[in-house]
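Heads up, the thing below is written out as structure tokens.
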Amino acid sequence: EPEVTQTPSHQVTQMGQEVILRCVPISNHLYFYWYRQILGQKVEFLVSFYNNEISEKSEIFDDQFSVERPDGSNFTLKIRSTKLEDSAMYFCASCGLNPTEAFFGQGTRLTVV
Amino acid sequence: DQQVKQNSPSLSVQEGRISILNCDYTNSMFDYFLWYKKYPAEGPTFLISISSIKDKNEDGRFTVFLNKSAKHLSLHIVPSQPGDSAVYFCAASITGSARQLTFGSGTQLTVLP
């Protein structure tokens, strides 16, 4: 069964450092998303990506965040200068041509120290 | 601004009985609703969905009911099994919005053997 895969599963970084979280969405999907879940809180939408550009983004997705689909298979989330409050589980998701249910990856736990 | 609310953080049910998880929403623009199940250290897994043109959708042991006038939906699991123990998230989306999901805070379901 096709699945969304994310790497790494756990990333520890120092405050102020840049991190890149990687995702390989399901191959024939067209809509791509990043969500995050701070420990004990709800899953929050960050950004959606369609047709090689951001289609929507939340207030959380400020200038420190960027997304890219560099090679037609990977979908990355970059945090330019990490803050302690960026510590969370980051989930990548993708949807097909008729976006109904999104399929999620297993997540990357980002710990900023 | 909690557009999707799950007011019960936890629910315990005996194996074989019915589990009923509830969700309320405030944004009348939402027209597609989904339930996801999440185990610790894993991404959300799609369970079942319903369009706003329906009031019920059934898939095996899982049934979702939608009451648009009350802006309320519920997930019924019958019979409940110990393997159903997980956090259940209600989510909602708007057609034409790239289907980004707005999640509730989740309900921890524990099915007791």
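Starting from 1 in every chain, residues are counted up; chains themselves are A, B, ... following the order of the structure tokens, and ligands are numbered from 1 as listed.
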
Contacts between chain B and chain A, please, where a residue of chain A counts if it comes within 6 Å (with only C-alpha atoms); show its shortest atom pair and distance in Å to one decimal, rows by chain and ascending number, as JSON lines.
{"residue": "A:Lys42", "atom": "CA", "partner": "B:Ser105", "partner_atom": "CA", "distance": 4.5}
{"residue": "A:Phe104", "atom": "CA", "partner": "B:Gly43", "partner_atom": "CA", "distance": 5.6}
{"residue": "A:Gly105", "atom": "CA", "partner": "B:Gly43", "partner_atom": "CA", "distance": 5.4}
{"residue": "A:Gln106", "atom": "CA", "partner": "B:Gly43", "partner_atom": "CA", "distance": 4.1}
{"residue": "A:Gly107", "atom": "CA", "partner": "B:Gly43", "partner_atom": "CA", "distance": 5.7}

Requested write-out: N, CA, C and O atoms of the selected residues, as a PDB file, in the first residue's frame:
ATOM      1  N   LYS A  42      -3.310  20.170  19.775  1.00  0.00           N
ATOM      2  CA  LYS A  42      -3.954  19.635  18.579  1.00  0.00           C
ATOM      3  C   LYS A  42      -3.012  19.699  17.387  1.00  0.00           C
ATOM      4  O   LYS A  42      -2.010  20.410  17.385  1.00  0.00           O
ATOM      5  N   PHE A 104      -1.231  10.767   5.874  1.00  0.00           N
ATOM      6  CA  PHE A 104      -0.169  11.350   6.669  1.00  0.00           C
ATOM      7  C   PHE A 104       1.033  10.426   6.771  1.00  0.00           C
ATOM      8  O   PHE A 104       0.900   9.198   6.790  1.00  0.00           O
ATOM      9  N   GLY A 105       2.219  11.044   6.869  1.00  0.00           N
ATOM     10  CA  GLY A 105       3.418  10.304   7.218  1.00  0.00           C
ATOM     11  C   GLY A 105       3.469  10.041   8.711  1.00  0.00           C
ATOM     12  O   GLY A 105       2.591  10.483   9.466  1.00  0.00           O
ATOM     13  N   GLN A 106       4.512   9.346   9.123  1.00  0.00           N
ATOM     14  CA  GLN A 106       4.617   8.946  10.530  1.00  0.00           C
ATOM     15  C   GLN A 106       5.155  10.073  11.394  1.00  0.00           C
ATOM     16  O   GLN A 106       5.151   9.972  12.625  1.00  0.00           O
ATOM     17  N   GLY A 107       5.613  11.153  10.771  1.00  0.00           N
ATOM     18  CA  GLY A 107       6.025  12.328  11.517  1.00  0.00           C
ATOM     19  C   GLY A 107       7.523  12.398  11.783  1.00  0.00           C
ATOM     20  O   GLY A 107       8.227  11.376  11.793  1.00  0.00           O
TER      21      GLY A 107
END

Might you pull out every residue within 10 Å of region 9-16 of chain A, with only C-alpha atoms counted and same-chain residues fewer than 6 positions away left off, and present them as a VMD selection string? (chain A and resid 22 79 to 87 89 to 90 106 to 113) or (chain B and resid 41)

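Using only C-alpha atoms for every distance, the candidate list B:Lys37, B:Ala86, B:Ile53, B:Leu11 yields B:Ile53 as the residue closest to Phe65 (chain B).
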
Please, which residues of chain B, numbered as in this document, come out strand (DSSP E) from DSSP, as a VMD selection string? chain B and resid 4 to 5 10 to 14 19 to 25 32 to 38 45 to 51 56 to 59 62 to 67 72 to 77 86 to 93 102 to 103 107 to 112

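Residues surrounding Glu59 (chain A) within 12 Å are A:Glu44, A:Phe45, A:Leu46, A:Val47, A:Gln64, A:Phe65 [only C-alpha atoms; sequence separation below 5 positions excluded].
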
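You will find CA of Asn22 (chain B) at 24.3 Å from CA of Ala93 (chain A).
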
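Between Pro79 (chain B) and the residues B:Lys56, B:Ala92, B:Lys5, B:Phe62, the shortest atom-to-atom distance, using only C-alpha atoms, involves B:Phe62.
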
Excluding Gly16 (chain B) and residues on its chain fewer than 5 positions from it, collect all residues at most 10 Å away from it, counting only C-alpha atoms, and give them as an MDAnalysis selection string. chainID B and resid 77:82 111:113

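Residue nearest Tyr33 (chain A), chosen from A:Glu3, A:Ile60, A:Ser55, A:Gln17 and counting only C-alpha atoms: A:Ser55.
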
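Counting only C-alpha atoms and comparing A:Leu77, A:Cys92, A:Val43, A:Arg69, the residue that lies closest to Cys90 (chain B) is A:Val43.
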
Surrounding residues of Pro2 (chain A) excluding itself and chain neighbours under 5 positions, 10 Å, only C-alpha atoms, as a ChimeraX atom specification: /A:25-28,103

May I ask for the distance between CA of Ile18 (chain B) and CA of Leu66 (chain B), given in Å to one decimal place? 17.6 Å
